[in-house]
$ cat query_3.txt   # compact mmCIF, C-alpha atoms and all ligand atoms
# COMPACT_ATOMS: atom_id res chain seq x y z
CA MET G 1 -17.97 13.40 7.11
CA SER G 2 -15.77 14.52 4.21
CA GLU G 3 -13.37 16.11 6.72
CA ASP G 4 -13.26 12.77 8.60
CA ILE G 5 -12.24 11.09 5.35
CA SER G 6 -9.75 13.81 4.34
CA ARG G 7 -7.90 13.58 7.66
CA ARG G 8 -7.66 9.82 7.35
CA LEU G 9 -6.63 10.05 3.70
CA ARG G 10 -3.67 12.27 4.56
CA LEU G 11 -2.54 9.82 7.24
CA ALA G 12 -3.12 6.79 5.00
CA GLU G 13 -0.80 8.14 2.31
CA GLN G 14 1.84 9.30 4.78
CA VAL G 15 1.85 5.97 6.63
CA ALA G 16 1.84 3.94 3.40
CA ARG G 17 4.95 5.79 2.22
CA GLU G 18 6.69 5.34 5.58
CA ALA G 19 5.72 1.67 5.75
CA GLY G 20 6.97 1.26 2.18
CA THR G 21 10.35 2.69 3.12
CA LYS G 22 10.64 0.31 6.10
CA ALA G 23 9.64 -2.67 3.95
CA LEU G 24 12.14 -1.64 1.25
CA ASP G 25 14.89 -1.59 3.85
CA TYR G 26 14.05 -5.21 4.75
CA PHE G 27 13.82 -6.09 1.03
CA HIS G 28 17.38 -4.87 0.49
CA ARG G 29 18.64 -7.21 3.23
CA ARG G 30 16.19 -10.07 2.62
CA GLU G 31 18.96 -12.70 2.69
CA THR G 32 19.07 -12.20 6.47
CA LEU G 33 15.33 -12.85 6.96
CA VAL G 34 14.06 -16.11 8.45
CA ILE G 35 11.19 -17.26 6.22
CA GLU G 36 8.34 -18.96 8.08
CA THR G 37 5.30 -20.69 6.59
CA LYS G 38 1.60 -20.34 7.53
CA ARG G 39 -1.14 -22.45 5.83
CA ASP G 40 1.27 -24.33 3.57
CA ALA G 41 4.75 -24.14 2.05
CA GLN G 42 3.63 -21.46 -0.46
CA ASP G 43 2.18 -19.18 2.24
CA VAL G 44 5.23 -17.39 3.61
CA VAL G 45 5.84 -14.65 6.14
CA SER G 46 8.79 -12.98 7.86
CA ILE G 47 9.54 -10.40 10.50
CA ALA G 48 9.25 -7.74 7.78
CA ASP G 49 5.47 -8.33 7.46
CA ARG G 50 4.97 -8.15 11.22
CA GLU G 51 7.19 -5.10 11.82
CA VAL G 52 5.59 -3.14 8.97
CA GLU G 53 2.10 -3.93 10.26
CA MET G 54 3.15 -2.81 13.76
CA LEU G 55 4.44 0.49 12.39
CA ILE G 56 1.16 1.16 10.56
CA ASN G 57 -1.00 0.06 13.49
CA GLY G 58 0.95 2.22 15.96
CA GLN G 59 0.59 5.39 13.90
CA ILE G 60 -3.11 4.86 13.27
CA ALA G 61 -3.85 4.03 16.91
CA GLN G 62 -2.10 7.23 17.95
CA ALA G 63 -3.96 9.47 15.49
CA PHE G 64 -7.37 7.75 15.57
CA PRO G 65 -7.60 5.73 18.82
CA ASP G 66 -11.33 5.00 18.33
CA ASP G 67 -10.94 3.51 14.82
CA GLY G 68 -10.97 -0.25 14.28
CA PHE G 69 -7.95 -1.97 12.75
CA LEU G 70 -7.66 -5.22 10.79
CA GLY G 71 -4.25 -6.37 9.60
CA GLU G 72 -3.24 -9.64 7.96
CA GLU G 73 -0.63 -10.53 10.57
CA PHE G 74 -2.27 -9.53 13.89
CA GLY G 75 -5.98 -9.68 13.12
CA LEU G 76 -8.84 -7.46 14.22
CA GLN G 77 -9.05 -4.80 16.93
CA ALA G 78 -12.60 -3.45 17.08
CA GLY G 79 -13.21 0.32 17.23
CA SER G 80 -16.12 2.61 18.08
CA SER G 81 -15.83 5.47 15.54
CA GLY G 82 -17.45 3.64 12.61
CA PHE G 83 -14.15 3.67 10.67
CA THR G 84 -12.01 0.54 10.32
CA TRP G 85 -8.54 0.42 8.75
CA VAL G 86 -7.90 -2.73 6.71
CA VAL G 87 -4.21 -3.26 6.09
CA ASP G 88 -1.91 -5.65 4.30
CA PRO G 89 1.60 -4.61 5.39
CA ILE G 90 3.23 -6.47 2.49
CA ASP G 91 1.07 -7.85 -0.30
CA GLY G 92 3.22 -10.11 -2.44
CA THR G 93 5.32 -11.65 0.31
CA SER G 94 6.40 -14.47 -2.00
CA PRO G 95 7.91 -12.10 -4.60
CA PHE G 96 9.31 -10.02 -1.70
CA VAL G 97 11.27 -12.86 -0.10
CA ASN G 98 12.37 -14.19 -3.51
CA GLY G 99 13.83 -10.87 -4.65
CA MET G 100 11.17 -9.71 -7.12
CA PRO G 101 9.85 -6.14 -7.04
CA ASN G 102 6.13 -7.05 -7.25
CA TRP G 103 4.93 -6.22 -3.75
CA CYS G 104 3.22 -3.30 -2.07
CA VAL G 105 1.72 -1.89 1.10
CA SER G 106 -2.10 -1.81 0.96
CA ILE G 107 -4.18 0.41 3.24
CA ALA G 108 -7.98 0.75 3.09
CA VAL G 109 -10.45 2.47 5.38
CA ILE G 110 -14.02 1.21 5.48
CA HIS G 111 -17.11 3.07 6.70
CA GLU G 112 -20.64 1.63 6.73
CA GLY G 113 -19.31 -1.47 5.00
CA GLN G 114 -17.77 0.36 2.04
CA PRO G 115 -14.13 1.15 1.30
CA VAL G 116 -13.91 4.96 1.44
CA ILE G 117 -10.10 5.18 1.18
CA GLY G 118 -7.66 3.01 -0.75
CA VAL G 119 -3.91 3.62 -0.85
CA ILE G 120 -1.40 1.24 -2.40
CA MET G 121 2.32 2.03 -2.20
CA ALA G 122 4.74 0.09 -4.40
CA PRO G 123 8.19 1.03 -3.07
CA CYS G 124 10.40 -0.60 -5.73
CA GLN G 125 8.64 1.41 -8.43
CA GLN G 126 8.09 4.45 -6.18
CA GLU G 127 4.43 4.38 -7.20
CA CYS G 128 1.77 5.59 -4.80
CA PHE G 129 -1.86 4.92 -5.82
CA VAL G 130 -4.34 7.02 -3.83
CA SER G 131 -8.14 7.12 -3.82
CA ALA G 132 -11.04 8.29 -1.69
CA ARG G 133 -14.74 7.84 -2.34
CA GLY G 134 -16.07 10.60 -4.56
CA GLN G 135 -12.61 12.15 -4.97
CA GLY G 136 -11.15 10.04 -7.80
CA ALA G 137 -7.98 7.98 -7.99
CA THR G 138 -4.42 9.11 -8.68
CA LEU G 139 -1.00 7.61 -9.32
CA ASN G 140 1.77 9.85 -7.98
CA GLY G 141 -0.71 12.72 -8.17
CA LYS G 142 -1.86 12.03 -11.76
CA PRO G 143 -5.57 11.18 -12.23
CA LEU G 144 -6.45 7.61 -13.22
CA GLN G 145 -9.34 6.56 -15.45
CA VAL G 146 -10.05 3.12 -16.92
CA ASP G 147 -10.34 3.03 -20.71
CA PRO G 148 -13.86 2.11 -21.95
CA ALA G 149 -12.41 0.94 -25.29
CA ARG G 150 -10.38 -1.85 -23.67
CA THR G 151 -11.76 -5.41 -23.73
CA MET G 152 -10.54 -8.84 -22.75
CA GLN G 153 -9.69 -9.38 -26.42
CA ASN G 154 -7.49 -6.28 -26.87
CA HIS G 155 -5.89 -6.15 -23.42
CA VAL G 156 -4.44 -8.35 -20.64
CA THR G 157 -6.42 -9.81 -17.70
CA GLY G 158 -4.91 -10.49 -14.29
CA PHE G 159 -5.84 -13.46 -12.16
CA GLY G 160 -4.60 -15.01 -8.96
CA ALA G 161 -4.96 -18.15 -6.92
CA ASN G 162 -3.95 -19.40 -3.51
CA SER G 163 -4.36 -22.49 -1.37
CA TYR G 164 -8.07 -21.74 -0.80
CA VAL G 165 -8.66 -22.58 -4.48
CA THR G 166 -8.81 -26.00 -6.15
CA PRO G 167 -6.33 -26.67 -8.98
CA GLU G 168 -9.24 -27.33 -11.40
CA ARG G 169 -10.51 -23.78 -10.93
CA VAL G 170 -7.07 -22.33 -11.71
CA GLY G 171 -6.92 -24.28 -14.97
CA GLU G 172 -10.50 -23.32 -15.87
CA ILE G 173 -9.85 -19.61 -15.36
CA ALA G 174 -6.66 -19.60 -17.44
CA ALA G 175 -8.41 -21.63 -20.16
CA GLY G 176 -11.47 -19.35 -20.03
CA ILE G 177 -9.44 -16.17 -20.53
CA THR G 178 -7.46 -17.76 -23.37
CA ALA G 179 -10.57 -19.19 -25.07
CA ALA G 180 -12.19 -15.73 -25.00
CA GLY G 181 -9.25 -14.39 -27.03
CA GLY G 182 -7.57 -12.84 -24.01
CA ASN G 183 -4.21 -13.19 -22.31
CA PHE G 184 -3.63 -13.80 -18.61
CA PHE G 185 -1.12 -12.30 -16.22
CA ARG G 186 -0.05 -12.91 -12.64
CA ASN G 187 2.68 -11.13 -10.68
CA GLY G 188 2.21 -12.52 -7.16
CA SER G 189 0.65 -9.39 -5.65
CA GLY G 190 -3.12 -9.26 -5.99
CA ALA G 191 -3.31 -5.79 -4.44
CA MET G 192 -0.81 -4.45 -6.95
CA MET G 193 -2.72 -6.02 -9.84
CA LEU G 194 -5.92 -4.34 -8.63
CA ALA G 195 -4.08 -0.99 -8.65
CA TYR G 196 -2.99 -1.86 -12.20
CA VAL G 197 -6.64 -2.29 -13.21
CA ALA G 198 -7.30 1.24 -11.91
CA ALA G 199 -4.28 2.45 -13.91
CA GLY G 200 -5.44 0.71 -17.11
CA ARG G 201 -2.40 -1.58 -17.20
CA LEU G 202 -4.70 -4.61 -16.87
CA VAL G 203 -8.30 -4.71 -18.11
CA GLY G 204 -9.49 -6.69 -15.10
CA TYR G 205 -8.53 -8.92 -12.20
CA TYR G 206 -10.15 -12.03 -10.79
CA GLU G 207 -9.22 -14.28 -7.88
CA PRO G 208 -11.66 -16.89 -6.52
CA HIS G 209 -10.78 -16.20 -2.88
CA MET G 210 -9.02 -13.27 -1.25
CA HIS G 211 -9.19 -11.56 2.10
CA ALA G 212 -10.36 -8.02 2.87
CA TRP G 213 -6.80 -6.79 3.41
CA ASP G 214 -5.81 -8.02 -0.07
CA CYS G 215 -8.56 -6.27 -2.01
CA LEU G 216 -10.36 -3.34 -0.35
CA ALA G 217 -7.78 -0.64 -1.14
CA GLY G 218 -7.67 -1.87 -4.74
CA TYR G 219 -11.46 -1.89 -4.91
CA CYS G 220 -11.61 1.77 -3.88
CA LEU G 221 -9.01 2.63 -6.53
CA VAL G 222 -10.83 0.73 -9.29
CA ASN G 223 -14.23 2.22 -8.42
CA GLU G 224 -12.83 5.73 -8.33
CA ALA G 225 -11.11 5.18 -11.69
CA GLY G 226 -14.47 4.27 -13.30
CA GLY G 227 -14.20 0.48 -13.10
CA TRP G 228 -16.63 -2.06 -11.65
CA THR G 229 -16.06 -4.25 -8.58
CA HIS G 230 -17.91 -7.33 -7.37
CA THR G 231 -19.50 -6.83 -3.94
CA PHE G 232 -17.23 -7.83 -1.04
CA ASN G 233 -19.26 -8.31 2.13
CA THR G 234 -17.53 -6.67 5.12
CA ALA G 235 -20.34 -7.21 7.66
CA GLY G 236 -19.50 -9.06 10.88
CA GLU G 237 -17.54 -12.27 10.35
CA HIS G 238 -17.52 -11.79 6.57
CA LEU G 239 -14.76 -9.23 7.05
CA LEU G 240 -12.44 -12.01 8.22
CA ARG G 241 -13.66 -14.81 6.00
CA GLY G 242 -12.66 -13.71 2.50
CA ALA G 243 -14.60 -13.99 -0.77
CA PRO G 244 -14.21 -13.90 -4.56
CA VAL G 245 -12.59 -10.71 -5.85
CA LEU G 246 -13.30 -9.29 -9.30
CA ALA G 247 -12.50 -5.80 -10.56
CA VAL G 248 -12.82 -4.85 -14.21
CA ALA G 249 -13.10 -2.11 -16.83
CA PRO G 250 -16.61 -1.94 -18.33
CA GLY G 251 -15.63 -3.45 -21.71
CA ALA G 252 -14.45 -6.73 -20.15
CA LYS G 253 -17.10 -7.05 -17.44
CA ASP G 254 -19.38 -9.60 -19.13
CA ASP G 255 -16.50 -11.84 -20.23
CA LEU G 256 -14.80 -11.84 -16.83
CA LEU G 257 -18.04 -12.43 -14.88
CA ARG G 258 -18.85 -15.38 -17.15
CA ILE G 259 -15.39 -16.93 -16.72
CA ALA G 260 -15.51 -16.36 -12.96
CA GLN G 261 -19.00 -17.92 -12.83
CA LEU G 262 -20.21 -15.06 -10.62
C1 LIG G 301 -1.31 -12.86 -1.56
C2 LIG G 301 -1.04 -12.19 -2.87
C3 LIG G 301 -1.29 -13.15 -4.02
C4 LIG G 301 -2.70 -13.65 -4.02
C5 LIG G 301 -3.02 -14.31 -2.67
C6 LIG G 301 -2.73 -13.34 -1.53
P1 LIG G 301 0.19 -12.01 0.51
O1 LIG G 301 -1.12 -11.98 -0.47
O2 LIG G 301 -1.89 -11.08 -3.06
O3 LIG G 301 -1.07 -12.51 -5.26
O4 LIG G 301 -2.87 -14.59 -5.05
O5 LIG G 301 -4.38 -14.66 -2.64
O6 LIG G 301 -2.96 -14.02 -0.31
O7 LIG G 301 0.09 -13.26 1.31
O8 LIG G 301 1.39 -11.94 -0.35
O9 LIG G 301 -0.05 -10.81 1.36
CA CA G 302 0.30 -13.52 3.53
CA CA G 303 -2.14 -10.07 0.65
CA CA G 304 0.51 -9.81 3.25

$ encode --input "query_3.txt" --output "structure tokens"
Amino acid sequence: MSEDISRRLRLAEQVAREAGTKALDYFHRRETLVIETKRDAQDVVSIADREVEMLINGQIAQAFPDDGFLGEEFGLQAGSSGFTWVVDPIDGTSPFVNGMPNWCVSIAVIHEGQPVIGVIMAPCQQECFVSARGQGATLNGKPLQVDPARTMQNHVTGFGANSYVTPERVGEIAAGITAAGGNFFRNGSGAMMLAYVAAGRLVGYYEPHMHAWDCLAGYCLVNEAGGWTHTFNTAGEHLLRGAPVLAVAPGAKDDLLRIAQL
């Protein structure tokens, strides 16, 4: 079992770096990209997202043909090995197409419903966050650990929102964090902000609705860095449906759960 995970971990990091390089190449010539919309005018996508997902999918299918694969752009291909790769080729497409460096490649592997690998590559910063269940979390090879002394009151809390969420909820969350004596932060890439919780740059992250490809790599990182994550159901159709996402250092857990009403 641990060898199964180690082999996949090596590939996950290698593919995340390669995918990051391909995405960065598109980022440098983003003026040439045709920007399309999906659910609404804020939900954007381009050929970069699709090409990067195809690169990742191709390499994984070649190395592990019996594994399942779920990507944001092309959906689910079921597997038979018990391992499923859950991939967001570019998380933070809005910052990406608008010329901001807050975007990343997010690759998770799930087994028996749990994320067992989480890799997040942020090419503009050349930061690679790597984790595997029971093996800890690292940033560019350096171990990560959340700080138990950090609270909502002495640190910054990330939150996100998208078109699945009512405007009232967005206002309530921002007001809740502020009323608790905290400060809120959003950079347009939920996956990157989850990696930042693992790295101690944010004390926690909450978003009322995200998909599996947005959060599972970050969840693995946060858990392995000693943080707490709200359960994300990956069974059957739940894997495609999305759910609330909350990841937090222990000192801010009660405050963030209360504000999130979870
Ligand atoms: C989005 C980003 C954003 C979050 C949204 C996600 P995308 O992913 O993570 O920060 O608020 O919920 O959908 O579309 O850029 O991959
Ligand atoms: Ca998207
Ligand atoms: Ca995403
Ligand atoms: Ca995406």

$ atom_distance --input "query_3.txt" --atom1 "CA of Gln135 in chain G" --atom2 "CA of Met192 in chain G"
20.5 Å

$ residues_near_ligand --input "query_3.txt" --ligand "ligand LIG 301 (chain G)" --cutoff "6 Å" --atoms "all atoms listed in the file" --output "mmCIF file with C-alpha atoms, keeping the file's coordinate frame"
data_model
loop_
_atom_site.group_PDB
_atom_site.id
_atom_site.type_symbol
_atom_site.label_atom_id
_atom_site.label_comp_id
_atom_site.auth_asym_id
_atom_site.auth_seq_id
_atom_site.Cartn_x
_atom_site.Cartn_y
_atom_site.Cartn_z
ATOM 1 C CA ILE G 90 3.230 -6.470 2.490
ATOM 2 C CA ASP G 91 1.070 -7.850 -0.300
ATOM 3 C CA GLY G 92 3.220 -10.110 -2.440
ATOM 4 C CA THR G 93 5.320 -11.650 0.310
ATOM 5 C CA SER G 94 6.400 -14.470 -2.000
ATOM 6 C CA GLY G 160 -4.600 -15.010 -8.960
ATOM 7 C CA ALA G 161 -4.960 -18.150 -6.920
ATOM 8 C CA ASN G 162 -3.950 -19.400 -3.510
ATOM 9 C CA GLY G 188 2.210 -12.520 -7.160
ATOM 10 C CA SER G 189 0.650 -9.390 -5.650
ATOM 11 C CA GLY G 190 -3.120 -9.260 -5.990
ATOM 12 C CA ALA G 191 -3.310 -5.790 -4.440
ATOM 13 C CA MET G 210 -9.020 -13.270 -1.250
ATOM 14 C CA ASP G 214 -5.810 -8.020 -0.070
#

$ closest_residue --input "query_3.txt" --among "G:Leu240, G:Glu207, G:Thr151, G:Val248" --to "Asn223 in chain G" --atoms "all atoms listed in the file"
G:Val248

$ closest_atom_pairs --input "query_3.txt" --of "chain G" --to "ligand CA 302 (chain G)" --cutoff "10 Å" --atoms "only C-alpha atoms and all ligand atoms" --output "JSON lines"
{"residue": "G:Thr37", "atom": "CA", "partner": "G:CA302", "partner_atom": "CA", "distance": 9.3}
{"residue": "G:Lys38", "atom": "CA", "partner": "G:CA302", "partner_atom": "CA", "distance": 8.0}
{"residue": "G:Arg39", "atom": "CA", "partner": "G:CA302", "partner_atom": "CA", "distance": 9.3}
{"residue": "G:Gln42", "atom": "CA", "partner": "G:CA302", "partner_atom": "CA", "distance": 9.5}
{"residue": "G:Asp43", "atom": "CA", "partner": "G:CA302", "partner_atom": "CA", "distance": 6.1}
{"residue": "G:Val44", "atom": "CA", "partner": "G:CA302", "partner_atom": "CA", "distance": 6.3}
{"residue": "G:Val45", "atom": "CA", "partner": "G:CA302", "partner_atom": "CA", "distance": 6.2}
{"residue": "G:Ser46", "atom": "CA", "partner": "G:CA302", "partner_atom": "CA", "distance": 9.5}
{"residue": "G:Asp49", "atom": "CA", "partner": "G:CA302", "partner_atom": "CA", "distance": 8.3}
{"residue": "G:Glu72", "atom": "CA", "partner": "G:CA302", "partner_atom": "CA", "distance": 6.9}
{"residue": "G:Glu73", "atom": "CA", "partner": "G:CA302", "partner_atom": "CA", "distance": 7.7}
{"residue": "G:Asp88", "atom": "CA", "partner": "G:CA302", "partner_atom": "CA", "distance": 8.2}
{"residue": "G:Pro89", "atom": "CA", "partner": "G:CA302", "partner_atom": "CA", "distance": 9.2}
{"residue": "G:Ile90", "atom": "CA", "partner": "G:CA302", "partner_atom": "CA", "distance": 7.7}
{"residue": "G:Asp91", "atom": "CA", "partner": "G:CA302", "partner_atom": "CA", "distance": 6.9}
{"residue": "G:Gly92", "atom": "CA", "partner": "G:CA302", "partner_atom": "CA", "distance": 7.5}
{"residue": "G:Thr93", "atom": "CA", "partner": "G:CA302", "partner_atom": "CA", "distance": 6.3}
{"residue": "G:Ser94", "atom": "CA", "partner": "G:CA302", "partner_atom": "CA", "distance": 8.3}
{"residue": "G:His211", "atom": "CA", "partner": "G:CA302", "partner_atom": "CA", "distance": 9.8}
{"residue": "G:Trp213", "atom": "CA", "partner": "G:CA302", "partner_atom": "CA", "distance": 9.8}
{"residue": "G:Asp214", "atom": "CA", "partner": "G:CA302", "partner_atom": "CA", "distance": 9.0}

$ atom_distance --input "query_3.txt" --atom1 "CA of Gly182 in chain G" --atom2 "CA of Val170 in chain G"
15.5 Å

$ closest_residue --input "query_3.txt" --among "G:Phe159, G:Trp103, G:Trp228, G:Tyr205" --to "ligand CA 303 (chain G)" --atoms "all atoms listed in the file"
G:Trp103

$ closest_residue --input "query_3.txt" --among "G:Gly218, G:Pro250, G:Pro101, G:Pro148" --to "ligand CA 303 (chain G)" --atoms "all atoms listed in the file"
G:Gly218
